[in-house]
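This is input38.cif (mmCIF, C-alpha atoms and all ligand atoms).
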data_upload
#
loop_
_atom_site.label_atom_id
_atom_site.label_comp_id
_atom_site.auth_asym_id
_atom_site.auth_seq_id
_atom_site.Cartn_x
_atom_site.Cartn_y
_atom_site.Cartn_z
CA MET A 104 103.76 97.46 115.01
CA SER A 105 106.53 99.78 113.83
CA THR A 106 107.25 102.90 115.88
CA ILE A 107 109.45 104.49 113.22
CA SER A 108 107.66 107.53 111.77
CA LYS A 109 110.36 108.61 109.31
CA PRO A 110 111.44 105.38 107.64
CA ILE A 111 114.42 104.90 105.33
CA ILE A 112 113.42 102.33 102.71
CA LEU A 113 115.30 100.74 99.82
CA ALA A 114 112.96 99.92 96.89
CA ILE A 115 113.70 97.58 94.00
CA GLU A 116 111.98 97.38 90.61
CA SER A 117 112.59 94.59 88.06
CA SER A 118 109.19 93.87 86.47
CA CYS A 119 110.15 94.34 82.81
CA ASP A 120 113.31 95.67 81.16
CA ASP A 121 114.56 98.25 83.68
CA THR A 122 116.51 97.34 86.80
CA SER A 123 116.07 100.13 89.29
CA ALA A 124 116.67 100.87 92.96
CA ALA A 125 115.71 103.92 95.00
CA VAL A 126 116.05 105.12 98.57
CA ILE A 127 113.28 107.10 100.25
CA TYR A 128 113.50 108.87 103.60
CA ASN A 129 110.34 110.15 105.28
CA GLY A 130 108.53 110.18 101.91
CA LYS A 131 111.29 112.08 100.12
CA VAL A 132 113.17 110.29 97.35
CA LEU A 133 116.94 110.48 97.99
CA SER A 134 118.06 108.44 94.98
CA ASN A 135 116.58 106.70 91.97
CA TYR A 136 119.06 104.71 89.90
CA ILE A 137 117.84 103.07 86.68
CA SER A 138 119.67 100.65 84.41
CA SER A 139 117.72 100.12 81.16
CA GLN A 140 118.28 97.01 79.08
CA ALA A 141 119.27 97.85 75.52
CA ILE A 142 119.51 94.23 74.39
CA HIS A 143 115.80 93.88 73.43
CA SER A 144 115.78 96.34 70.55
CA ALA A 145 117.58 93.79 68.37
CA TYR A 146 114.59 91.42 68.85
CA GLY A 147 111.78 93.93 68.32
CA GLY A 148 110.39 93.46 71.83
CA VAL A 149 111.25 92.40 75.36
CA VAL A 150 112.61 88.82 75.47
CA PRO A 151 111.69 87.52 78.96
CA GLU A 152 114.70 85.18 79.29
CA LEU A 153 117.16 87.91 78.38
CA ALA A 154 115.43 90.36 80.70
CA SER A 155 115.82 88.16 83.76
CA ARG A 156 119.45 87.41 82.92
CA ASP A 157 120.20 91.13 82.60
CA HIS A 158 118.43 91.90 85.88
CA GLN A 159 120.67 89.33 87.58
CA LYS A 160 123.77 91.00 86.16
CA ALA A 161 122.63 94.51 87.12
CA ILE A 162 120.90 94.20 90.47
CA VAL A 163 123.91 94.32 92.80
CA TYR A 164 125.48 97.41 91.27
CA VAL A 165 122.11 99.14 90.82
CA VAL A 166 121.37 98.73 94.54
CA GLU A 167 124.92 99.82 95.47
CA HIS A 168 124.57 102.96 93.33
CA ALA A 169 121.19 103.84 94.86
CA LEU A 170 122.55 103.52 98.42
CA GLU A 171 125.67 105.50 97.52
CA GLN A 172 123.71 108.30 95.82
CA ALA A 173 121.42 108.55 98.84
CA ASN A 174 124.46 108.59 101.11
CA VAL A 175 123.14 105.78 103.31
CA THR A 176 124.41 102.28 104.10
CA LYS A 177 122.32 99.14 104.18
CA HIS A 178 122.49 99.25 107.99
CA ASP A 179 120.54 102.54 107.97
CA LEU A 180 117.56 100.88 106.24
CA ASN A 181 114.27 100.26 108.06
CA ALA A 182 112.67 98.14 105.32
CA ILE A 183 113.17 96.67 101.84
CA ALA A 184 110.45 97.11 99.23
CA VAL A 185 110.06 95.28 95.95
CA THR A 186 107.72 95.09 92.95
CA ARG A 187 105.77 91.86 93.31
CA GLY A 188 103.75 92.27 90.10
CA PRO A 189 102.35 92.64 87.54
CA GLY A 190 105.20 91.92 85.15
CA LEU A 191 107.33 89.16 83.67
CA LEU A 192 107.70 86.21 86.05
CA GLY A 193 111.43 85.65 85.53
CA ALA A 194 112.19 89.36 85.75
CA LEU A 195 110.12 89.84 88.92
CA LEU A 196 111.77 86.79 90.47
CA VAL A 197 115.19 88.47 90.39
CA GLY A 198 114.00 91.52 92.35
CA VAL A 199 111.82 89.55 94.76
CA SER A 200 114.56 86.99 95.56
CA PHE A 201 117.14 89.73 96.06
CA ALA A 202 114.81 91.77 98.30
CA LYS A 203 113.86 88.75 100.40
CA ALA A 204 117.49 87.79 100.92
CA LEU A 205 118.49 91.34 101.87
CA ALA A 206 115.55 91.78 104.27
CA GLN A 207 116.43 88.49 105.93
CA ALA A 208 120.14 89.27 106.18
CA LEU A 209 119.47 92.73 107.66
CA ASP A 210 116.58 91.45 109.79
CA ILE A 211 114.24 94.22 108.62
CA PRO A 212 110.69 93.97 107.20
CA LEU A 213 109.78 93.40 103.58
CA ILE A 214 107.11 95.39 101.69
CA ASP A 215 105.58 94.07 98.48
CA VAL A 216 104.45 96.67 95.95
CA ASN A 217 101.97 96.59 93.07
CA HIS A 218 103.68 98.11 90.01
CA MET A 219 100.44 99.75 88.77
CA GLN A 220 99.78 101.39 92.12
CA ALA A 221 103.35 102.67 91.97
CA HIS A 222 102.82 104.29 88.54
CA VAL A 223 99.95 106.27 90.09
CA LEU A 224 101.94 107.29 93.18
CA ALA A 225 104.77 108.54 90.94
CA HIS A 226 102.76 111.78 91.16
CA PHE A 227 103.78 112.19 94.79
CA ILE A 228 107.50 112.20 94.03
CA GLU A 229 107.13 115.76 92.81
CA SER A 230 105.13 118.75 93.86
CA PRO A 231 102.54 120.02 93.41
CA ALA A 232 100.92 116.62 93.82
CA PRO A 233 97.23 115.96 93.17
CA SER A 234 94.80 115.85 96.09
CA PHE A 235 92.21 113.10 96.51
CA PRO A 236 90.12 112.08 94.71
CA PHE A 237 91.68 112.26 91.26
CA LEU A 238 91.52 110.24 88.07
CA CYS A 239 94.74 108.73 86.76
CA MET A 240 95.09 107.39 83.24
CA THR A 241 97.91 104.85 83.39
CA VAL A 242 99.23 104.08 79.94
CA SER A 243 102.22 101.77 79.62
CA GLY A 244 103.61 98.94 77.53
CA GLY A 245 101.59 96.41 79.49
CA HIS A 246 98.56 98.33 80.75
CA THR A 247 95.96 100.95 79.93
CA GLN A 248 93.80 101.81 82.91
CA LEU A 249 91.56 104.58 84.16
CA VAL A 250 92.07 104.57 87.90
CA LEU A 251 89.91 106.40 90.42
CA VAL A 252 92.36 107.31 93.19
CA ARG A 253 90.68 107.89 96.56
CA ASP A 254 93.77 107.80 98.75
CA TYR A 255 97.45 106.73 98.58
CA LEU A 256 96.57 103.07 98.81
CA LYS A 257 92.89 103.16 97.89
CA MET A 258 92.30 103.04 94.15
CA GLU A 259 89.88 101.40 91.78
CA VAL A 260 90.17 100.55 88.08
CA ILE A 261 87.06 101.95 86.35
CA GLY A 262 88.16 101.29 82.77
CA GLN A 263 90.86 99.29 80.99
CA THR A 264 91.94 97.78 77.71
CA ILE A 265 90.32 94.56 76.63
CA ASP A 266 93.27 93.63 74.41
CA ASP A 267 96.52 95.53 73.64
CA ALA A 268 97.87 98.28 75.89
CA ALA A 269 98.35 101.79 74.49
CA GLY A 270 102.14 101.34 74.57
CA GLU A 271 101.77 98.09 72.66
CA ALA A 272 99.65 99.92 70.07
CA PHE A 273 102.49 102.42 69.63
CA ASP A 274 105.17 99.71 69.52
CA LYS A 275 103.33 97.34 67.17
CA THR A 276 102.30 100.03 64.68
CA ALA A 277 105.83 101.47 64.79
CA LYS A 278 107.07 98.01 63.83
CA LEU A 279 104.75 98.10 60.79
CA LEU A 280 106.53 101.31 59.77
CA GLY A 281 109.89 99.53 60.12
CA LEU A 282 110.87 101.44 63.28
CA PRO A 283 112.98 99.74 65.98
CA TYR A 284 111.69 98.74 69.43
CA PRO A 285 110.47 100.52 71.48
CA GLY A 286 108.55 102.35 68.79
CA GLY A 287 106.57 104.70 71.05
CA PRO A 288 109.28 107.35 71.41
CA MET A 289 110.07 107.11 67.66
CA ILE A 290 106.44 107.68 66.66
CA ASP A 291 106.36 110.61 69.09
CA ARG A 292 109.43 112.21 67.50
CA LEU A 293 108.25 111.67 63.90
CA ALA A 294 104.69 112.81 64.72
CA SER A 295 105.89 116.28 65.64
CA GLU A 296 106.90 116.80 61.99
CA GLY A 297 103.84 115.20 60.38
CA ASN A 298 100.24 116.00 59.47
CA SER A 299 97.96 114.10 61.85
CA ASP A 300 94.87 114.61 59.65
CA ARG A 301 96.44 113.05 56.55
CA PHE A 302 95.29 109.45 57.21
CA SER A 303 92.46 108.06 59.28
CA PHE A 304 92.06 104.51 60.53
CA ALA A 305 89.11 102.41 61.66
CA LYS A 306 88.61 102.36 65.42
CA THR A 307 86.98 99.65 67.49
CA ASN A 308 84.22 100.79 69.78
CA VAL A 309 83.96 99.01 73.09
CA GLY A 310 81.56 99.66 75.92
CA ALA A 311 81.67 102.01 78.85
CA LEU A 312 85.15 103.13 79.88
CA ASP A 313 87.13 100.31 78.29
CA PHE A 314 89.61 100.50 75.43
CA SER A 315 90.51 98.29 72.47
CA PHE A 316 93.61 98.84 70.37
CA SER A 317 94.10 95.60 68.46
CA GLY A 318 91.62 96.62 65.70
CA LEU A 319 93.61 99.79 65.03
CA LYS A 320 96.77 97.79 64.46
CA THR A 321 94.96 95.52 61.97
CA SER A 322 93.39 98.50 60.19
CA ILE A 323 96.83 100.12 59.79
CA LEU A 324 98.35 96.85 58.59
CA TYR A 325 95.72 96.43 55.83
CA PHE A 326 95.99 100.08 54.85
CA LEU A 327 99.79 99.83 54.49
CA GLN A 328 99.59 96.57 52.54
CA LYS A 329 97.16 98.20 50.09
CA GLU A 330 99.29 101.35 49.65
CA LEU A 331 102.58 99.41 49.36
CA LYS A 332 101.11 97.50 46.39
CA LYS A 333 100.74 100.83 44.56
CA ASP A 334 103.99 102.39 45.77
CA GLU A 335 106.70 100.34 47.40
CA ARG A 336 108.22 103.46 48.94
CA PHE A 337 104.90 104.54 50.49
CA ILE A 338 106.08 104.21 54.09
CA GLU A 339 109.42 105.94 53.50
CA ASN A 340 107.75 108.81 51.65
CA ASN A 341 105.02 109.37 54.25
CA LYS A 342 106.65 108.36 57.51
CA ALA A 343 106.01 111.55 59.50
CA ASP A 344 102.38 111.85 58.35
CA LEU A 345 101.80 108.16 59.12
CA ALA A 346 103.33 108.55 62.60
CA ALA A 347 101.29 111.68 63.31
CA SER A 348 98.05 110.04 62.11
CA ILE A 349 98.70 106.85 64.11
CA GLN A 350 99.47 108.88 67.23
CA LYS A 351 96.29 110.90 66.76
CA ALA A 352 94.20 107.73 66.42
CA ILE A 353 95.60 106.32 69.68
CA LEU A 354 95.20 109.62 71.53
CA ASP A 355 91.62 110.07 70.23
CA MET A 356 90.66 106.74 71.79
CA LEU A 357 92.37 107.54 75.08
CA PHE A 358 90.87 111.00 75.43
CA GLU A 359 87.34 109.93 74.49
CA LYS A 360 87.21 107.55 77.47
CA LEU A 361 89.12 109.87 79.76
CA GLY A 362 86.56 112.62 79.14
CA LYS A 363 83.70 110.19 79.79
CA ALA A 364 85.25 109.02 83.04
CA MET A 365 85.84 112.55 84.31
CA LYS A 366 82.19 113.39 83.66
CA GLN A 367 80.88 110.15 85.15
CA GLU A 368 82.85 110.59 88.38
CA SER A 369 82.33 114.40 88.52
CA ILE A 370 86.05 114.81 89.06
CA THR A 371 88.14 117.85 88.20
CA GLN A 372 91.65 116.56 88.87
CA VAL A 373 93.33 114.39 86.28
CA ALA A 374 96.75 112.75 86.09
CA ILE A 375 98.65 110.58 83.63
CA ALA A 376 101.17 107.87 84.41
CA GLY A 377 103.17 105.10 82.73
CA GLY A 378 105.64 105.06 79.84
CA VAL A 379 103.19 106.44 77.25
CA ALA A 380 102.65 109.48 79.50
CA ALA A 381 106.08 110.57 78.21
CA ASN A 382 104.42 111.17 74.82
CA LYS A 383 104.65 114.85 73.92
CA GLY A 384 101.40 114.83 71.94
CA LEU A 385 99.53 113.27 74.85
CA ARG A 386 100.99 115.76 77.34
CA LYS A 387 100.08 118.71 75.15
CA ARG A 388 96.56 117.46 74.51
CA LEU A 389 95.94 116.81 78.21
CA SER A 390 97.02 120.38 79.04
CA GLU A 391 94.73 121.80 76.35
CA ILE A 392 91.70 119.68 77.29
CA SER A 393 92.24 120.46 80.98
CA GLU A 394 92.29 124.15 80.31
CA LYS A 395 89.13 123.93 78.25
CA ASN A 396 87.27 121.91 80.89
CA ASP A 397 88.70 123.69 83.88
CA TRP A 398 90.39 120.51 85.14
CA GLN A 399 93.57 120.59 87.11
CA CYS A 400 96.05 118.30 85.38
CA TYR A 401 99.19 116.61 86.68
CA ILE A 402 101.87 115.52 84.24
CA PRO A 403 104.90 113.84 85.78
CA GLN A 404 108.49 114.44 84.73
CA PHE A 405 109.66 112.12 81.94
CA GLU A 406 111.86 109.99 84.21
CA HIS A 407 108.94 109.28 86.55
CA CYS A 408 106.67 108.13 83.70
CA THR A 409 108.70 105.11 82.62
CA ASP A 410 109.59 102.30 85.03
CA ASN A 411 111.62 103.39 88.05
CA ALA A 412 112.07 102.41 91.68
CA ALA A 413 111.26 105.87 93.10
CA MET A 414 107.57 105.18 92.48
CA ILE A 415 107.91 101.77 94.18
CA ALA A 416 109.52 103.55 97.13
CA MET A 417 106.59 105.98 97.34
CA VAL A 418 104.07 103.13 97.72
CA ALA A 419 106.41 101.46 100.22
CA HIS A 420 106.56 104.63 102.34
CA HIS A 421 102.77 104.67 102.71
CA LYS A 422 102.57 100.94 103.33
CA PHE A 423 105.25 101.28 106.02
CA LEU A 424 103.23 104.01 107.78
CA ASN A 425 100.18 101.69 107.60
CA ASN A 426 102.21 98.75 108.95
CA GLU A 427 101.54 96.79 105.76
CA PHE A 428 104.45 94.37 105.63
CA THR A 429 104.70 90.97 103.99
CA GLY A 430 106.30 87.66 104.93
CA LEU A 431 109.58 86.40 103.51
CA ASP A 432 107.72 83.54 101.84
CA ILE A 433 106.15 85.65 99.05
CA SER A 434 106.49 84.79 95.37
CA PRO A 435 106.19 87.15 92.40
CA ASP A 436 102.65 87.68 91.14
CA PRO A 437 102.89 88.33 87.35
CA ARG A 438 99.14 89.09 87.12
CA MET A 439 98.80 91.08 90.32
CA LYS A 440 95.63 93.19 90.26
CA LEU A 441 95.19 96.72 91.55
O1 LIG B 1 105.77 102.10 81.84
P1 LIG B 1 106.78 101.57 80.88
O2 LIG B 1 108.18 102.10 80.95
O3 LIG B 1 106.91 100.02 81.00
C1 LIG B 1 105.83 99.19 81.23
O4 LIG B 1 105.51 98.95 82.42
O5 LIG B 1 105.23 98.78 80.21
O6 LIG B 1 106.18 101.80 79.41
C2 LIG B 1 106.84 101.41 78.25
C3 LIG B 1 105.97 101.80 77.05
C4 LIG B 1 106.48 101.28 75.72
O7 LIG B 1 105.40 100.71 75.01
C5 LIG B 1 107.00 102.53 75.01
O8 LIG B 1 106.92 102.48 73.62
C6 LIG B 1 106.06 103.58 75.58
O9 LIG B 1 105.91 103.23 76.94
N1 LIG B 1 106.62 104.93 75.44
C7 LIG B 1 106.08 105.88 74.63
C8 LIG B 1 106.91 107.02 74.74
N2 LIG B 1 107.92 106.72 75.63
C9 LIG B 1 107.71 105.45 76.04
N3 LIG B 1 105.00 105.84 73.84
C10 LIG B 1 104.71 106.96 73.14
N4 LIG B 1 105.46 108.08 73.19
C11 LIG B 1 106.56 108.16 73.98
N5 LIG B 1 107.29 109.27 74.01
ZN ZN B 2 105.47 100.25 84.12
#
Would you mind writing the file out in structure tokens?
Amino acid sequence: MSTISKPIILAIESSCDDTSAAVIYNGKVLSNYISSQAIHSAYGGVVPELASRDHQKAIVYVVEHALEQANVTKHDLNAIAVTRGPGLLGALLVGVSFAKALAQALDIPLIDVNHMQAHVLAHFIESPAPSFPFLCMTVSGGHTQLVLVRDYLKMEVIGQTIDDAAGEAFDKTAKLLGLPYPGGPMIDRLASEGNSDRFSFAKTNVGALDFSFSGLKTSILYFLQKELKKDERFIENNKADLAASIQKAILDMLFEKLGKAMKQESITQVAIAGGVAANKGLRKRLSEISEKNDWQCYIPQFEHCTDNAAMIAMVAHHKFLNNEFTGLDISPDPRMKL
């Protein structure tokens, strides 16, 4: 049982293509250093082998930077935290192995963190933070979830995608428009100059609070193939309108289920998390819908939407206070559930 009430924790994140380390003291983030891997854009998506190799190259200096920025040394630390999953096995392995070795060398406890729980707790890095219970829509490159958050470490997935994630829908449709990876931010930028009502695409209806995005991608693919037969410059000539219409289709699906979930759970506080929460159209629409429905909405800063270790540190802080530590024999869990 730990008697430390104001822990200093180093947190490490390496689940996908960002190597990040953060230091948290008594629940306040002192540093959050992120090294993003640029190498994947040449391949149109994250290449797992290259990701783990880049994490290996970056992890030592990323951790050193985080400690330096926080003005602490490794001997000040009370625990090491690390993302255990979900994510890419080889990428997770780099962070988990490093964290285990450091915890052992410093003889301090290890805390394993669920990456999806961390996306939700990113809301507590800033203030004002939501109060419990609230609904969080987590939309990233790997996940799309509606999470009912009852407490820091008590949350339940009440809806999720049955196929592609919302971020994947952005990235894959962007690829059809010839945009580089990751396409989400590019669609976002182009959409702000386009007419979102110009084109409409078939949507797949799935039950209850779940989502399905793979049908949208296919519908866009067929539509483009048909139009390109008539005009080979169709995409170039209509890029902004296409981006705006694609973005609208994705947002329509997200907000339909979000609205349903809010009603079903009789909740008035709503939050968004994950990389897609950086989308300007989504942020604007959430503000507008919240105002209309009298919901209180929480939209995190851009840098806390995409992968970062500050959010891992926030989960670790609460696990530390609950004495939830793990053994040094853990392995990464690429399919870790919430
Ligand atoms: O949470 P994240 O950084 O990594 C995962 O855990 O997946 O999310 C990355 C995803 C990518 O699919 C990327 O295209 C998307 O977030 N994304 C965006 C925007 N910024 C990042 N999608 C739409 N609009 C954006 N502005
Ligand atoms: Zn993520």
For the atom pair CA of Ala376 (chain A) and CA of Leu195 (chain A), what is the interatomic distance in Å to one decimal place?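 We find that CA of Ala376 (chain A) and CA of Leu195 (chain A) lie 20.6 Å from each other.
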Need to verify the contact set: Asp344 (chain A), 12 Å, all atoms listed in the file, exclusion of same-chain residues closer than 6 positions in sequence. Can you return it as a list in words?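 That gives Leu280, Ile290, Asp291, Arg292, Leu293, Ala294, Ser295, Glu296, Gly297, Asn298, Ser299, Asp300, Arg301, Phe302, Ser303, Phe337, Ile338, Gln350 and Lys351 of chain A.
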Dump as a tab-separated table the rows for residues of chain A within 10 Å of ligand ZN 2 (chain B): closest atom pair and distance in Å with one decimal, only C-alpha atoms and all ligand atoms counted, ordered by chain and rising residue number.
residue	atom	partner	partner_atom	distance
A:Glu116	CA	B:ZN2	ZN	9.6
A:Ser117	CA	B:ZN2	ZN	9.9
A:Ser118	CA	B:ZN2	ZN	7.8
A:Cys119	CA	B:ZN2	ZN	7.7
A:Asp120	CA	B:ZN2	ZN	9.6
A:Asp121	CA	B:ZN2	ZN	9.3
A:Pro189	CA	B:ZN2	ZN	8.9
A:Gly190	CA	B:ZN2	ZN	8.4
A:His218	CA	B:ZN2	ZN	6.5
A:Met219	CA	B:ZN2	ZN	6.9
A:Gln220	CA	B:ZN2	ZN	9.9
A:Ala221	CA	B:ZN2	ZN	8.5
A:His222	CA	B:ZN2	ZN	6.5
A:Thr241	CA	B:ZN2	ZN	8.9
A:Val242	CA	B:ZN2	ZN	8.4
A:Ser243	CA	B:ZN2	ZN	5.8
A:Gly244	CA	B:ZN2	ZN	7.0
A:Gly245	CA	B:ZN2	ZN	7.2
A:His246	CA	B:ZN2	ZN	7.9
A:Ala376	CA	B:ZN2	ZN	8.8
A:Gly377	CA	B:ZN2	ZN	5.5
A:Gly378	CA	B:ZN2	ZN	6.4
A:Val379	CA	B:ZN2	ZN	9.5
A:His407	CA	B:ZN2	ZN	10.0
A:Cys408	CA	B:ZN2	ZN	8.0
A:Thr409	CA	B:ZN2	ZN	6.0
A:Asp410	CA	B:ZN2	ZN	4.7
A:Asn411	CA	B:ZN2	ZN	7.9
A:Met414	CA	B:ZN2	ZN	9.9
Closest of A:Gly193, A:Gly130, A:Gly262, A:Pro151 to Pro437 (chain A), counting all atoms listed in the file, is A:Gly193
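Among A:Ala413, A:Ile433, A:Val149, A:Leu238, the residue with the shortest atom-to-atom distance to ligand LIG 1 (chain B), counting all atoms listed in the file, is A:Val149.
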Provide the CA of Ile375 (chain A) to CA of Tyr401 (chain A) distance in Å, to one decimal place.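 Distance reported for this atom pair: 6.8 Å.
Across the structure, CA of Asp274 (chain A) and atom O2 of ligand LIG 1 (chain B) are spaced 12.1 Å apart.
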Given all atoms listed in the file as the basis, pick out the residue of A:His226, A:Lys131, A:Lys109, A:Lys383 nearest to ligand LIG 1 (chain B).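 Comparing A:His226, A:Lys131, A:Lys109, A:Lys383 against ligand LIG 1 (chain B), the winner is A:Lys383.
Distances from A:Tyr284, A:Phe358, A:Phe428, A:Phe201 to ligand LIG 1 (chain B) were compared using only C-alpha atoms and all ligand atoms, and the smallest one belongs to A:Tyr284.
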Choose the residue, out of A:Asn308, A:Gln404, A:Ser393, A:Thr176, that has the smallest atom-to-atom separation from ligand LIG 1 (chain B); count only C-alpha atoms and all ligand atoms.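 Nearest to ligand LIG 1 (chain B): A:Gln404.
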Taking all atoms of region 339-353 of chain A that the file lists, what box with edges along x, y and z, padded by 6 Å per side, do you get, with centre and edge lengths in Å to one decimal, as AutoDock Vina command-line options?
--center_x 101.8 --center_y 108.9 --center_z 60.7 --size_x 27.2 --size_y 17.9 --size_z 30.0
Pick from A:Asn129, A:Thr247, A:Asn341, A:Asn181 nearest to ligand LIG 1 (chain B), counting only C-alpha atoms and all ligand atoms: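 Checking each of A:Asn129, A:Thr247, A:Asn341, A:Asn181 against ligand LIG 1 (chain B), counting only C-alpha atoms and all ligand atoms, the winner is A:Thr247.
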Using only C-alpha atoms, which residues sit within 10 Å of Phe314 (chain A) once same-chain residues fewer than 2 positions away are excluded, as a list in words? Thr247, Gln248, Leu249, Gly262, Gln263, Thr264, Ile265, Asp266, Asp267, Ala268, Ala269, Thr307, Asn308, Val309, Gly310, Ala311, Leu312, Phe316, Ser317, Met356, Leu357, Glu359 and Lys360 of chain A
Please provide as an NGL selection string all residues within 10 Å of Ile142 (chain A), with the sequence filter that same-chain residues fewer than 6 positions apart are discarded (counting only C-alpha atoms). :A and (120 or 148-150 or 153-154 or 157)
Skipping near chain neighbours, those fewer than 4 positions away, what residues fall within 12 Å of Thr429 (chain A) using all atoms listed in the file, listed as a CSV table (one decimal) with C-alpha atoms, keeping the file's coordinate frame?
chain,number,residue,atom,x,y,z
A,182,ALA,CA,112.7,98.1,105.3
A,183,ILE,CA,113.2,96.7,101.8
A,184,ALA,CA,110.4,97.1,99.2
A,185,VAL,CA,110.1,95.3,96.0
A,187,ARG,CA,105.8,91.9,93.3
A,199,VAL,CA,111.8,89.6,94.8
A,202,ALA,CA,114.8,91.8,98.3
A,203,LYS,CA,113.9,88.8,100.4
A,206,ALA,CA,115.6,91.8,104.3
A,211,ILE,CA,114.2,94.2,108.6
A,212,PRO,CA,110.7,94.0,107.2
A,213,LEU,CA,109.8,93.4,103.6
A,214,ILE,CA,107.1,95.4,101.7
A,215,ASP,CA,105.6,94.1,98.5
A,216,VAL,CA,104.4,96.7,96.0
A,419,ALA,CA,106.4,101.5,100.2
A,422,LYS,CA,102.6,100.9,103.3
A,423,PHE,CA,105.2,101.3,106.0
A,433,ILE,CA,106.2,85.6,99.0
A,434,SER,CA,106.5,84.8,95.4
Can you take the partial region 127-138 of chain A, add N, CA, C and O atoms, and return it as a compact mmCIF listing (two decimals), in the frame of the given file?
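The result, stored in result00.txt:
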# COMPACT_ATOMS: atom_id res chain seq x y z
N ILE A 127 114.22 106.05 99.83
CA ILE A 127 113.28 107.10 100.25
C ILE A 127 113.42 107.31 101.75
O ILE A 127 113.56 106.34 102.51
N TYR A 128 113.42 108.55 102.17
CA TYR A 128 113.50 108.87 103.60
C TYR A 128 112.33 109.78 103.95
O TYR A 128 112.20 110.87 103.36
N ASN A 129 111.49 109.35 104.84
CA ASN A 129 110.34 110.15 105.28
C ASN A 129 109.50 110.67 104.09
O ASN A 129 109.07 111.81 104.07
N GLY A 130 109.35 109.82 103.06
CA GLY A 130 108.53 110.18 101.91
C GLY A 130 109.24 111.01 100.86
O GLY A 130 108.65 111.39 99.86
N LYS A 131 110.55 111.28 101.09
CA LYS A 131 111.29 112.08 100.12
C LYS A 131 112.30 111.16 99.42
O LYS A 131 113.09 110.47 100.09
N VAL A 132 112.28 111.18 98.10
CA VAL A 132 113.17 110.29 97.35
C VAL A 132 114.60 110.85 97.38
O VAL A 132 114.85 111.97 96.94
N LEU A 133 115.54 110.04 97.90
CA LEU A 133 116.94 110.48 97.99
C LEU A 133 117.74 110.04 96.77
O LEU A 133 118.72 110.68 96.40
N SER A 134 117.35 108.91 96.18
CA SER A 134 118.06 108.44 94.98
C SER A 134 117.12 107.57 94.17
O SER A 134 116.17 106.99 94.71
N ASN A 135 117.40 107.51 92.87
CA ASN A 135 116.58 106.70 91.97
C ASN A 135 117.47 106.30 90.80
O ASN A 135 117.60 107.05 89.84
N TYR A 136 118.11 105.14 90.92
CA TYR A 136 119.06 104.71 89.90
C TYR A 136 118.39 103.70 88.97
O TYR A 136 117.76 102.75 89.42
N ILE A 137 118.51 103.94 87.66
CA ILE A 137 117.84 103.07 86.68
C ILE A 137 118.85 102.55 85.66
O ILE A 137 119.60 103.32 85.08
N SER A 138 118.85 101.24 85.46
CA SER A 138 119.67 100.65 84.41
C SER A 138 118.71 100.02 83.39
O SER A 138 118.02 99.05 83.69
